[in-house]
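Structure file start_13.txt (compact mmCIF, C-alpha atoms) follows.
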# COMPACT_ATOMS: atom_id res chain seq x y z
CA MET A 917 -21.56 27.00 12.22
CA TYR A 918 -17.91 28.04 12.50
CA ALA A 919 -18.78 30.40 15.33
CA LEU A 920 -20.31 27.43 17.12
CA LEU A 921 -17.21 25.32 16.45
CA THR A 922 -14.93 28.12 17.67
CA SER A 923 -16.97 28.47 20.86
CA PHE A 924 -16.87 24.73 21.36
CA VAL A 925 -13.09 24.53 20.91
CA THR A 926 -12.61 27.55 23.19
CA LEU A 927 -14.81 26.03 25.89
CA MET A 928 -13.01 22.71 25.63
CA GLY A 929 -9.67 24.52 25.88
CA ALA A 930 -10.82 26.46 28.93
CA ALA A 931 -12.11 23.25 30.53
CA LEU A 932 -8.80 21.50 29.84
CA LEU A 933 -6.84 24.39 31.36
CA LEU A 934 -9.08 24.41 34.44
CA LEU A 935 -8.64 20.67 34.78
CA ALA A 936 -4.87 20.95 34.31
CA THR A 937 -4.56 23.61 37.03
CA ASP A 938 -7.02 22.09 39.54
CA GLY A 939 -9.53 24.83 38.86
CA ALA A 940 -6.91 27.58 38.48
CA ARG A 941 -5.57 26.82 41.95
CA ALA A 942 -2.25 25.17 41.08
CA PHE A 943 -0.12 26.39 38.17
CA THR A 944 3.12 24.85 39.43
CA SER A 945 4.04 21.34 40.55
CA GLU A 946 4.62 22.75 44.03
CA GLY A 947 1.04 24.04 44.17
CA ALA A 948 -0.24 20.73 42.80
CA ARG A 949 1.71 18.79 45.43
CA ARG A 950 0.17 20.80 48.27
CA LEU A 951 -3.37 20.45 46.95
CA ASP A 952 -2.92 16.73 46.46
CA ILE A 953 -1.57 16.24 49.99
CA GLU A 954 -4.47 18.21 51.49
CA ARG A 955 -6.99 16.20 49.52
CA SER A 956 -5.46 12.82 50.30
CA PRO A 957 -2.98 12.72 53.19
CA ARG A 958 -0.02 10.45 52.44
CA PRO A 959 1.27 7.81 54.84
CA ILE A 960 4.97 8.34 55.45
CA PRO A 961 7.00 5.23 54.58
CA ASN A 962 9.18 3.71 57.27
CA ALA A 963 12.81 4.73 57.25
CA HIS A 964 15.82 4.44 59.51
CA LEU A 965 16.73 7.89 60.72
CA GLU A 966 20.02 8.70 62.41
CA ASP A 967 19.99 11.69 64.73
CA SER A 968 22.70 14.12 65.79
CA ARG A 969 23.63 11.87 68.72
CA GLY A 970 24.22 8.95 66.37
CA LEU A 971 21.08 7.18 67.62
CA GLU A 972 19.08 5.21 65.14
CA ILE A 973 15.40 6.08 65.20
CA PRO A 974 12.85 4.05 63.23
CA SER A 975 10.58 6.68 61.75
CA ASP A 976 7.44 4.90 62.94
CA SER A 977 8.56 5.36 66.54
CA LEU A 978 7.77 9.06 66.04
CA HIS A 979 4.10 8.33 65.42
CA GLY A 980 1.73 9.23 68.20
CA SER A 981 2.50 12.94 68.30
CA PRO A 982 1.98 15.49 65.58
CA LEU A 983 5.18 16.10 63.70
CA LEU A 984 6.59 19.10 61.86
CA VAL A 985 9.05 18.07 59.13
CA GLY A 986 11.46 20.14 57.05
CA PHE A 987 14.17 19.11 54.58
CA ILE A 988 17.60 20.69 54.68
CA TYR A 989 21.32 20.21 54.08
CA THR A 990 23.71 21.96 56.42
CA GLN A 991 25.99 23.44 53.74
CA CYS A 992 23.02 25.38 52.37
CA ALA A 993 23.50 29.13 52.61
CA SER A 994 20.08 30.31 51.56
CA VAL A 995 16.78 28.59 52.19
CA CYS A 996 17.79 25.98 54.81
CA PRO A 997 18.99 28.42 57.50
CA GLU A 998 15.80 30.38 56.89
CA LEU A 999 13.69 27.23 57.26
CA THR A 1000 15.59 26.26 60.40
CA LYS A 1001 15.02 29.72 61.92
CA GLU A 1002 11.31 29.29 61.23
CA PHE A 1003 11.49 25.94 63.03
CA ARG A 1004 13.11 27.65 66.02
CA SER A 1005 10.34 30.27 66.16
CA ILE A 1006 7.69 27.55 65.92
CA ARG A 1007 9.39 25.53 68.70
CA GLU A 1008 9.48 28.59 70.95
CA ARG A 1009 5.84 29.36 70.36
CA LEU A 1010 4.79 25.74 70.88
CA ASP A 1011 6.74 25.60 74.15
CA ASP A 1012 4.58 28.43 75.46
CA ILE A 1013 1.50 26.23 75.03
CA PRO A 1014 1.67 23.37 77.57
CA ALA A 1015 -0.43 21.01 75.48
CA ALA A 1016 1.76 21.63 72.45
CA ARG A 1017 5.02 20.55 74.06
CA GLU A 1018 4.52 17.01 72.78
CA VAL A 1019 4.75 18.15 69.16
CA GLN A 1020 7.98 16.87 67.62
CA LEU A 1021 10.10 18.78 65.11
CA LEU A 1022 12.18 16.91 62.58
CA SER A 1023 14.80 18.51 60.33
CA VAL A 1024 15.79 15.91 57.77
CA SER A 1025 19.05 16.20 55.83
CA PHE A 1026 19.01 14.90 52.26
CA ASP A 1027 22.80 15.12 52.06
CA PRO A 1028 23.75 12.11 54.26
CA ASP A 1029 27.33 11.94 52.99
CA ARG A 1030 28.32 15.32 54.32
CA ASP A 1031 25.79 15.70 57.12
CA THR A 1032 27.31 13.32 59.66
CA PRO A 1033 25.86 13.16 63.20
CA GLU A 1034 28.69 15.46 64.35
CA ARG A 1035 27.88 18.01 61.68
CA LEU A 1036 24.17 17.77 62.50
CA ALA A 1037 24.92 18.18 66.22
CA GLU A 1038 26.90 21.33 65.50
CA TYR A 1039 24.09 22.68 63.32
CA SER A 1040 21.51 21.77 65.93
CA ARG A 1041 23.49 23.54 68.69
CA HIS A 1042 23.85 26.60 66.49
CA PHE A 1043 20.07 26.86 66.37
CA GLY A 1044 19.64 25.98 70.06
CA ALA A 1045 17.60 22.86 69.44
CA ASP A 1046 16.60 20.56 72.30
CA PRO A 1047 17.30 17.08 70.84
CA GLU A 1048 14.37 15.60 72.77
CA ARG A 1049 11.82 17.69 70.92
CA TRP A 1050 13.61 18.87 67.80
CA ARG A 1051 15.71 16.28 66.08
CA PHE A 1052 18.16 16.75 63.24
CA VAL A 1053 18.40 13.50 61.33
CA ARG A 1054 19.80 12.01 58.16
CA VAL A 1055 18.49 9.06 56.16
CA ARG A 1056 21.51 6.95 55.27
CA ASP A 1057 19.85 4.41 53.03
CA THR A 1058 19.56 5.97 49.57
CA ASP A 1059 16.42 4.01 48.70
CA GLU A 1060 14.72 5.04 51.90
CA LEU A 1061 15.78 8.64 51.36
CA SER A 1062 14.43 8.77 47.82
CA HIS A 1063 11.21 7.12 48.98
CA TRP A 1064 10.82 9.77 51.67
CA LEU A 1065 11.60 12.62 49.28
CA ALA A 1066 9.12 11.24 46.75
CA THR A 1067 6.38 10.89 49.36
CA PHE A 1068 6.90 14.42 50.62
CA GLY A 1069 7.23 15.68 47.03
CA ILE A 1070 10.68 17.19 47.53
CA VAL A 1071 12.74 17.58 44.37
CA VAL A 1072 16.45 18.06 45.01
CA ILE A 1073 18.72 19.02 42.12
CA PRO A 1074 22.47 19.77 42.23
CA ASP A 1075 23.14 23.46 41.63
CA GLY A 1076 26.47 22.82 39.91
CA ARG A 1077 28.43 24.56 42.70
CA GLY A 1078 28.51 21.67 45.16
CA GLY A 1079 25.14 22.51 46.69
CA PHE A 1080 21.51 21.76 45.92
CA GLU A 1081 18.30 23.50 45.06
CA HIS A 1082 15.15 22.09 46.55
CA ASN A 1083 11.61 23.08 47.42
CA ALA A 1084 11.32 24.05 51.08
CA ALA A 1085 8.16 24.16 53.13
CA LEU A 1086 6.65 23.29 56.51
CA HIS A 1087 5.21 19.75 56.44
CA ILE A 1088 2.65 18.74 59.06
CA VAL A 1089 2.36 15.02 59.80
CA ASP A 1090 -0.55 13.77 61.91
CA ARG A 1091 -0.45 11.41 64.88
CA SER A 1092 -0.86 8.35 62.70
CA GLY A 1093 2.09 9.28 60.50
CA ARG A 1094 0.26 10.78 57.53
CA LEU A 1095 1.44 13.92 55.80
CA GLY A 1096 -1.71 16.06 55.78
CA SER A 1097 -0.75 19.64 55.03
CA VAL A 1098 2.07 21.73 53.65
CA ARG A 1099 2.57 25.38 54.57
CA ASP A 1100 4.72 28.07 52.99
CA LEU A 1101 8.12 28.64 54.49
CA ASP A 1102 7.03 31.83 56.26
CA ASP A 1103 3.53 30.72 57.23
CA ILE A 1104 4.35 30.04 60.89
CA ASP A 1105 0.83 30.86 62.06
CA GLY A 1106 -0.69 28.43 59.57
CA ALA A 1107 1.69 25.64 60.57
CA ILE A 1108 1.01 26.18 64.28
CA ALA A 1109 -2.75 26.20 63.65
CA ASP A 1110 -2.45 22.91 61.75
CA LEU A 1111 -0.36 21.34 64.53
CA LEU A 1112 -2.80 22.47 67.23
CA GLU A 1113 -5.65 21.07 65.18
CA GLN A 1114 -3.83 17.73 65.05
CA LEU A 1115 -3.29 17.87 68.82
CA GLU A 1116 -6.99 18.32 69.45
CA ARG A 1117 -7.74 15.17 67.53
CA ALA A 1118 -7.66 11.91 69.42
CA GLY A 1119 -4.58 9.70 69.40
CA PRO A 1120 -3.60 7.21 66.71
CA ALA A 1121 -5.96 4.57 68.10
CA SER A 1122 -9.06 6.33 66.80
CA MET B 868 6.38 24.55 -0.15
CA ILE B 869 8.29 21.31 -0.42
CA ARG B 870 11.31 23.05 1.01
CA ARG B 871 9.26 24.29 3.96
CA ARG B 872 7.97 20.80 4.56
CA ALA B 873 11.49 19.42 4.42
CA LEU B 874 12.57 22.13 6.85
CA GLY B 875 9.75 21.13 9.20
CA ALA B 876 10.44 17.42 8.97
CA GLY B 877 14.21 17.88 9.29
CA THR B 878 13.91 20.16 12.31
CA TYR B 879 11.46 17.75 13.91
CA LEU B 880 13.81 14.80 13.41
CA ILE B 881 16.71 16.72 14.92
CA LEU B 882 14.55 17.79 17.88
CA CYS B 883 13.58 14.17 18.47
CA THR B 884 17.12 12.85 18.83
CA PRO B 885 17.96 11.99 22.45
CA PRO B 886 21.06 14.25 22.66
CA THR B 887 19.03 17.24 21.44
CA ILE B 888 16.20 16.44 23.85
CA HIS B 889 18.67 16.14 26.70
CA TRP B 890 20.47 19.35 25.78
CA LEU B 891 17.37 21.48 25.25
CA GLU B 892 15.51 20.14 28.28
CA SER B 893 18.46 20.52 30.65
CA GLN B 894 17.73 24.22 31.04
CA LEU B 895 14.47 26.11 31.38
CA ALA B 896 15.54 28.81 28.93
CA THR B 897 16.25 26.39 26.10
CA HIS B 898 13.23 24.22 26.92
CA LEU B 899 10.76 27.11 26.90
CA LEU B 900 12.36 29.41 24.33
CA ILE B 901 13.91 27.03 21.83
CA GLN B 902 12.50 23.51 22.00
CA MET B 903 8.81 24.28 22.44
CA PRO B 904 8.61 27.11 19.85
CA LEU B 905 10.58 25.00 17.35
CA LEU B 906 8.22 22.06 17.85
CA ALA B 907 5.27 24.33 17.12
CA ALA B 908 7.14 25.80 14.14
CA CYS B 909 7.62 22.28 12.71
CA GLY B 910 3.83 21.90 12.62
CA TRP B 911 3.52 25.30 10.97
CA TRP B 912 6.05 24.40 8.24
CA LEU B 913 4.50 21.00 7.64
CA ALA B 914 1.06 22.55 7.27
CA ALA B 915 2.02 25.02 4.60
CA PRO B 916 1.03 22.98 1.51
CA ALA B 917 -2.37 22.17 2.92
CA SER B 918 -3.17 25.67 4.04
CA ARG B 919 -5.40 26.47 1.10
CA SER B 920 -8.00 23.85 1.90
CA ASP B 921 -10.88 24.77 4.16
CA ALA B 922 -10.54 21.84 6.59
CA GLY B 923 -13.61 22.86 8.57
CA ASN B 924 -11.85 25.92 9.83
CA GLY B 925 -14.06 28.71 8.43
CA SER B 926 -12.43 32.05 9.11
CA GLY B 927 -9.74 30.44 11.23
CA GLY B 928 -11.53 30.63 14.59
CA PRO B 929 -11.57 26.95 15.61
CA GLY B 930 -7.94 26.33 14.64
CA THR B 931 -6.72 29.45 16.41
CA ALA B 932 -8.66 28.58 19.58
CA LEU B 933 -7.18 25.07 19.53
CA ALA B 934 -3.65 26.39 19.02
CA LEU B 935 -3.97 28.98 21.80
CA GLY B 936 -5.42 26.45 24.24
CA ALA B 937 -2.71 23.89 23.60
CA ALA B 938 0.05 26.52 23.72
CA LEU B 939 -1.24 27.84 27.05
CA TYR B 940 -1.35 24.33 28.44
CA TRP B 941 2.30 23.67 27.62
CA MET B 942 3.36 27.01 29.05
CA LEU B 943 2.14 26.03 32.53
CA PRO B 944 5.19 25.37 34.72
CA ARG B 945 3.44 22.26 35.99
CA SER B 946 3.06 20.81 32.49
CA MET B 947 6.76 21.36 31.82
CA ASP B 948 7.68 19.66 35.09
CA TRP B 949 5.37 16.78 34.26
CA ALA B 950 7.00 16.35 30.85
CA LEU B 951 10.42 16.15 32.52
CA GLU B 952 9.19 13.67 35.07
CA ASN B 953 7.27 11.36 32.77
CA PRO B 954 8.57 10.37 29.29
CA TRP B 955 5.02 9.68 28.07
CA VAL B 956 4.02 13.23 28.85
CA ASP B 957 7.11 14.42 26.99
CA LEU B 958 5.98 12.31 24.04
CA LEU B 959 2.57 13.97 24.24
CA LYS B 960 4.33 17.34 24.11
CA PHE B 961 6.26 16.28 21.00
CA VAL B 962 3.01 15.28 19.31
CA THR B 963 0.70 18.09 20.39
CA LEU B 964 2.97 21.10 19.95
CA PRO B 965 3.30 20.53 16.18
CA LEU B 966 -0.15 19.03 15.59
CA ALA B 967 -2.31 21.06 17.95
CA VAL B 968 -0.40 24.37 17.94
CA GLY B 969 1.73 24.92 14.82
CA LEU B 970 -0.40 23.08 12.28
CA PRO B 971 -3.83 24.53 13.18
CA LEU B 972 -2.33 28.00 13.54
CA ALA B 973 -0.83 27.78 10.04
CA LEU B 974 -4.13 26.53 8.62
CA SER B 975 -5.99 29.34 10.38
CA TRP B 976 -3.61 32.24 9.93
CA VAL B 977 -4.34 32.76 6.24
CA ARG B 978 -8.07 32.80 7.00
CA LEU B 979 -8.01 35.16 9.95
CA SER B 980 -9.21 38.69 9.40
CA LEU B 981 -6.70 41.49 9.57
CA VAL B 982 -8.22 42.58 12.89
CA ALA B 983 -7.78 39.10 14.36
CA ARG B 984 -4.19 38.84 13.16
CA SER B 985 -3.35 42.29 14.48
CA PHE B 986 -4.99 41.43 17.80
CA LEU B 987 -2.94 38.25 18.16
CA LEU B 988 0.32 39.85 17.07
CA SER B 989 -0.07 42.92 19.25
CA ASN B 990 -0.87 40.75 22.25
CA LEU B 991 2.32 38.78 21.85
CA PRO B 992 4.80 41.32 23.33
CA PRO B 993 2.68 42.15 26.43
CA MET B 994 2.12 38.43 27.05
CA LEU B 995 5.85 37.75 26.78
CA ALA B 996 6.58 40.71 29.08
CA VAL B 997 4.16 39.43 31.73
CA LEU B 998 5.73 35.97 31.52
CA SER B 999 9.15 37.58 31.78
CA TRP B 1000 8.17 39.45 34.92
CA LEU B 1001 6.76 36.23 36.39
CA TYR B 1002 9.93 34.23 35.81
CA TRP B 1003 12.29 37.03 36.67
CA SER B 1004 10.68 38.06 39.96
CA ALA B 1005 9.43 34.75 41.38
CA PRO B 1006 11.40 34.12 44.58
CA ALA B 1007 10.80 30.36 44.48
CA ARG B 1008 11.17 27.92 41.66
CA LEU B 1009 8.20 27.69 39.34
CA CYS B 1010 9.49 24.46 37.82
CA ASN B 1011 10.85 22.03 40.37
CA PHE B 1012 13.38 20.69 37.90
CA TYR B 1013 15.13 23.96 37.13
CA LEU B 1014 17.36 26.26 39.15
CA VAL B 1015 16.29 29.74 40.21
CA ASP B 1016 19.23 31.27 38.26
CA ASP B 1017 17.99 29.55 35.14
CA GLN B 1018 14.49 30.83 35.83
CA GLN B 1019 15.70 34.41 36.16
CA ARG B 1020 17.76 34.11 32.99
CA THR B 1021 14.65 32.82 31.24
CA GLY B 1022 12.79 35.90 32.47
CA GLN B 1023 15.49 38.15 31.00
CA LEU B 1024 15.44 36.31 27.70
CA LEU B 1025 11.64 36.53 27.59
CA LEU B 1026 11.88 40.29 27.99
CA ALA B 1027 14.47 40.44 25.22
CA THR B 1028 12.13 38.39 23.02
CA ALA B 1029 9.25 40.74 23.84
CA LEU B 1030 11.40 43.73 22.86
CA VAL B 1031 12.52 42.14 19.60
CA VAL B 1032 8.94 41.21 18.67
CA SER B 1033 7.78 44.73 19.56
CA ALA B 1034 10.54 46.27 17.49
CA GLY B 1035 9.61 44.02 14.58
CA LEU B 1036 5.94 44.96 14.85
CA ILE B 1037 6.69 48.66 15.18
CA TYR B 1038 8.96 48.48 12.18
CA ARG B 1039 6.29 46.65 10.24
CA CYS B 1040 3.59 49.14 11.22
CA LEU B 1041 5.48 52.38 10.82
CA LEU B 1042 8.32 51.80 8.42
CA GLY B 1043 7.73 48.53 6.65
CA ALA B 1044 5.76 47.46 3.64
CA GLN B 1045 2.19 48.57 3.22
CA PRO B 1046 -0.45 46.40 4.86
CA ARG B 1047 -1.76 43.69 2.64
CA ALA B 1048 -5.32 44.86 2.53
CA HIS B 1049 -8.01 46.92 4.14
CA PRO B 1050 -10.31 44.68 6.16
CA ALA B 1051 -13.29 45.27 3.90
CA PRO B 1052 -11.66 44.35 0.57
CA ALA B 1053 -9.93 41.48 2.29
CA GLU B 1054 -13.26 40.13 3.42
CA ALA B 1055 -14.69 40.63 -0.03
CA ALA B 1056 -11.77 38.92 -1.64
CA ARG B 1057 -12.02 36.05 0.78
CA HIS B 1058 -15.67 35.51 0.02
CA THR B 1059 -15.32 35.73 -3.70
CA GLN B 1060 -12.13 33.73 -3.89
CA ALA B 1061 -12.59 31.33 -1.06
CA SER B 1062 -10.39 28.74 -2.69
CA LEU B 1063 -7.50 31.18 -2.90
CA PRO B 1064 -7.32 33.09 0.36
CA LEU B 1065 -3.70 33.97 -0.27
CA ALA B 1066 -4.73 35.86 -3.35
CA THR B 1067 -5.59 38.89 -1.21
CA GLU B 1068 -1.88 39.44 -0.83
CA THR B 1069 -1.36 39.77 -4.54
CA LEU B 1070 -4.57 41.70 -5.08
CA ARG B 1071 -3.42 44.59 -2.95
CA PRO B 1072 -0.12 45.98 -4.11
CA PRO B 1073 1.01 49.15 -2.30
CA SER B 1074 -1.16 51.88 -3.73
CA ALA B 1075 -0.60 55.58 -3.88
CA THR B 1076 -4.02 56.25 -2.37
CA THR B 1077 -3.47 54.43 0.89
CA ALA B 1078 0.13 55.34 1.53
CA PRO B 1079 -0.29 59.01 2.50
CA GLN B 1080 -3.09 58.17 4.90
CA LEU B 1081 -0.95 55.68 6.76
CA GLU B 1082 1.93 58.04 7.12
CA LEU B 1083 -0.16 60.58 9.01
Let me see whether you can do it: turn the structure in this file into structure tokens.
Amino acid sequence: MYALLTSFVTLMGAALLLLATDGARAFTSEGARRLDIERSPRPIPNAHLEDSRGLEIPSDSLHGSPLLVGFIYTQCASVCPELTKEFRSIRERLDDIPAAREVQLLSVSFDPDRDTPERLAEYSRHFGADPERWRFVRVRDTDELSHWLATFGIVVIPDGRGGFEHNAALHIVDRSGRLGSVRDLDDIDGAIADLLEQLERAGPAS
Amino acid sequence: MIRRRALGAGTYLILCTPPTIHWLESQLATHLLIQMPLLAACGWWLAAPASRSDAGNGSGGPGTALALGAALYWMLPRSMDWALENPWVDLLKFVTLPLAVGLPLALSWVRLSLVARSFLLSNLPPMLAVLSWLYWSAPARLCNFYLVDDQQRTGQLLLATALVVSAGLIYRCLLGAQPRAHPAPAEAARHTQASLPLATETLRPPSATTAPQLEL
């Protein structure tokens, strides 16, 4: 009788743990975020972006082409330069594929106070970005910024030394403006495959 | 017993005050290594007076399984993040750690066989060491709400905890008091004196016949 009860409790516990980790696939919130995005792509809310030339770009004007998005702040000494270098490699590889030239890259700063257009332009030049196909932008409106961060699942916390810690990844947004997959920072091949897959799909009309 | 209950209730009340919650949850190390174990301990202390009743727990299996399952759940980085993000989930943590971990474990511990207790205790240091390695070596944040530095410090503290627990167990096994009972007499005592499982402790004083064997 007690053996039966023990087995029952153990099975229930195992079931709960499987449920809580999406079948042992996501033990962290970061893993859970990626699974959730893959299962149900999220429409990106509209926001007013300001690029390194000081131009205001409504985010929905970027729809129509697949989009690669990354979140950075230019004072970052660790993960952001790494992410930006990955972006540069991806841009170079996409430029070698004629059909993939229409893919847009977007590096979004979540530190709008310090990352002015001038600062973003300097950062962009440092990484040799062509502003027509790889934009560095900031979101000035705090509500819009937090809405964007929440939709992408980016958690930014001050590190107590004037900088931030944040989760960094490669975010692939489809032609209709839905975030559909998230790749690890160093998974360039995976991100390119996802972008090419989006390119093969028909435009936003379908 | 009443003092233990008061200790449990008092600790729980202190843990529930907003400044304490804020302080302990502001860092991963204090959240994982102080707040959560103390919450479970509150349940353990509160349970003490009731531990002699059977409560459908047989030889302690169901209660131990429940406690292990709930403890594992709250050790998932994702559960900790969720508790920080959502106050209702934090409330659930404050309810389940005492009631589903500490309390059932206390009710079960006195009924568990010596083999089961030894198994659980000896698994504790390796489990802590594995957790330590995980937190110490992970290049990215496991919990989105905590810094990597904090995560690495938590890993170091987990290793220190594993070493202290190991040292305690080694001391207990090699140098400490004699074990409470051989498994067989313990089982016998439990069956004949089911209403007084704690009596096995008093039934087996250190005896001259077992001591030399253990020293070999």
Task: Selection: 12 Å around B:Leu1036, all atoms listed in the file, excl. self and same-chain fewer than 6 positions, as a VMD selection string - done: chain B and resid 984 to 992 1029 to 1030 1042 to 1044 1046
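Distance check against B:Gln902 using all atoms listed in the file: of B:Pro965, B:Gly936, B:Gly1022, B:Gly930, the minimum falls on B:Pro965.
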- [ ] Around the point (1.9, 22.5, 19.4), in the coordinates given by the file, pick out the residues reaching within 8 Å, counting only C-alpha atoms, and return them as a PyMOL selection string.
- [x] chain B and resi 903+906-907+910+934+937-938+960-970
Output C-alpha atoms for every residue in the selection just made, as a PDB file, in the coordinates of the input.
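Listing of again.pdb after writing:
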ATOM      1  CA  MET B 903       8.810  24.280  22.440  1.00  0.00           C
ATOM      2  CA  LEU B 906       8.220  22.060  17.850  1.00  0.00           C
ATOM      3  CA  ALA B 907       5.270  24.330  17.120  1.00  0.00           C
ATOM      4  CA  GLY B 910       3.830  21.900  12.620  1.00  0.00           C
ATOM      5  CA  ALA B 934      -3.650  26.390  19.020  1.00  0.00           C
ATOM      6  CA  ALA B 937      -2.710  23.890  23.600  1.00  0.00           C
ATOM      7  CA  ALA B 938       0.050  26.520  23.720  1.00  0.00           C
ATOM      8  CA  LYS B 960       4.330  17.340  24.110  1.00  0.00           C
ATOM      9  CA  PHE B 961       6.260  16.280  21.000  1.00  0.00           C
ATOM     10  CA  VAL B 962       3.010  15.280  19.310  1.00  0.00           C
ATOM     11  CA  THR B 963       0.700  18.090  20.390  1.00  0.00           C
ATOM     12  CA  LEU B 964       2.970  21.100  19.950  1.00  0.00           C
ATOM     13  CA  PRO B 965       3.300  20.530  16.180  1.00  0.00           C
ATOM     14  CA  LEU B 966      -0.150  19.030  15.590  1.00  0.00           C
ATOM     15  CA  ALA B 967      -2.310  21.060  17.950  1.00  0.00           C
ATOM     16  CA  VAL B 968      -0.400  24.370  17.940  1.00  0.00           C
ATOM     17  CA  GLY B 969       1.730  24.920  14.820  1.00  0.00           C
ATOM     18  CA  LEU B 970      -0.400  23.080  12.280  1.00  0.00           C
TER      19      LEU B 970
END
Open item on the list: Could you check the closest approach to chain A for each of B:Trp911, B:Tyr940, B:Trp955, B:Tyr1002 and tell me which residue wins, using only C-alpha atoms?
Closed with: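 Using only C-alpha atoms, the shortest distance to chain A belongs to B:Tyr940.
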Task: Which residue of A:Gly947, A:Gly939, A:Gly1093, A:Gly980 approaches B:Cys1010 most closely, using only C-alpha atoms - done: A:Gly947
Each residue of stretch 901-951 of chain B lying at most 6 Å from stretch 872-887 of chain B should get a row with its shortest atom-to-atom pair and the distance in Å to one decimal, counting only C-alpha atoms; could you produce that, ordered by chain and increasing number, as CSV?
residue,atom,partner,partner_atom,distance
B:Cys909,CA,B:Gly875,CA,4.3
B:Trp912,CA,B:Gly875,CA,5.0
B:Leu913,CA,B:Arg872,CA,4.6
Counting only C-alpha atoms, note down every residue that has an atom within 10 Å of the point (3.1, 21.0, 56.2) (file coordinates), as a PDB file with C-alpha atoms, keeping the file's coordinate frame.
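As a result, point25.pdb now contains:
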ATOM      1  CA  ARG A 950       0.170  20.800  48.270  1.00  0.00           C
ATOM      2  CA  ILE A 953      -1.570  16.240  49.990  1.00  0.00           C
ATOM      3  CA  GLU A 954      -4.470  18.210  51.490  1.00  0.00           C
ATOM      4  CA  LEU A 983       5.180  16.100  63.700  1.00  0.00           C
ATOM      5  CA  LEU A 984       6.590  19.100  61.860  1.00  0.00           C
ATOM      6  CA  VAL A 985       9.050  18.070  59.130  1.00  0.00           C
ATOM      7  CA  GLY A 986      11.460  20.140  57.050  1.00  0.00           C
ATOM      8  CA  PHE A1068       6.900  14.420  50.620  1.00  0.00           C
ATOM      9  CA  ALA A1085       8.160  24.160  53.130  1.00  0.00           C
ATOM     10  CA  LEU A1086       6.650  23.290  56.510  1.00  0.00           C
ATOM     11  CA  HIS A1087       5.210  19.750  56.440  1.00  0.00           C
ATOM     12  CA  ILE A1088       2.650  18.740  59.060  1.00  0.00           C
ATOM     13  CA  VAL A1089       2.360  15.020  59.800  1.00  0.00           C
ATOM     14  CA  ASP A1090      -0.550  13.770  61.910  1.00  0.00           C
ATOM     15  CA  LEU A1095       1.440  13.920  55.800  1.00  0.00           C
ATOM     16  CA  GLY A1096      -1.710  16.060  55.780  1.00  0.00           C
ATOM     17  CA  SER A1097      -0.750  19.640  55.030  1.00  0.00           C
ATOM     18  CA  VAL A1098       2.070  21.730  53.650  1.00  0.00           C
ATOM     19  CA  ARG A1099       2.570  25.380  54.570  1.00  0.00           C
ATOM     20  CA  ASP A1100       4.720  28.070  52.990  1.00  0.00           C
ATOM     21  CA  LEU A1101       8.120  28.640  54.490  1.00  0.00           C
ATOM     22  CA  ASP A1103       3.530  30.720  57.230  1.00  0.00           C
ATOM     23  CA  GLY A1106      -0.690  28.430  59.570  1.00  0.00           C
ATOM     24  CA  ALA A1107       1.690  25.640  60.570  1.00  0.00           C
ATOM     25  CA  ILE A1108       1.010  26.180  64.280  1.00  0.00           C
ATOM     26  CA  ASP A1110      -2.450  22.910  61.750  1.00  0.00           C
ATOM     27  CA  LEU A1111      -0.360  21.340  64.530  1.00  0.00           C
TER      28      LEU A1111
END
- [ ] Compute the set of chain B residues within 12 Å of chain A, using only C-alpha atoms, and express it as an MDAnalysis selection string.
- [x] chainID B and resid 893:894 921:952 967 975 1005:1017
Quick one: residues within 10 Å of A:Leu978, only C-alpha atoms, excluding same-chain residues fewer than 5 positions away - as a CSV table (one decimal) with C-alpha atoms, in the coordinates of the input?
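Dumped to result-v9.csv:
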chain,number,residue,atom,x,y,z
A,973,ILE,CA,15.4,6.1,65.2
A,983,LEU,CA,5.2,16.1,63.7
A,1020,GLN,CA,8.0,16.9,67.6
A,1022,LEU,CA,12.2,16.9,62.6
A,1091,ARG,CA,-0.4,11.4,64.9
A,1092,SER,CA,-0.9,8.4,62.7
A,1093,GLY,CA,2.1,9.3,60.5
Task: Contacts of stretch 959-968 of chain A within 6 Å, all atoms listed in the file, excl. fewer than 6 positions in-chain, as a list in words - done: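 Residues near the query, excluding close chain neighbours: Pro974, Ser975, Pro1033, Leu1036, Ala1037, Phe1052, Val1053, Arg1054, Val1055, Glu1060, Gly1093 and Arg1094 of chain A.
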TODO: Take atom CA of A:Arg969 and atom CA of A:Val1019 and report the distance between them in Å, one decimal.
DONE: 19.9 Å
Open item on the list: Please report the interatomic distance between atom CA of B:Leu958 and atom CA of B:Ile901 in Å with one decimal.
Closed with: 16.9 Å
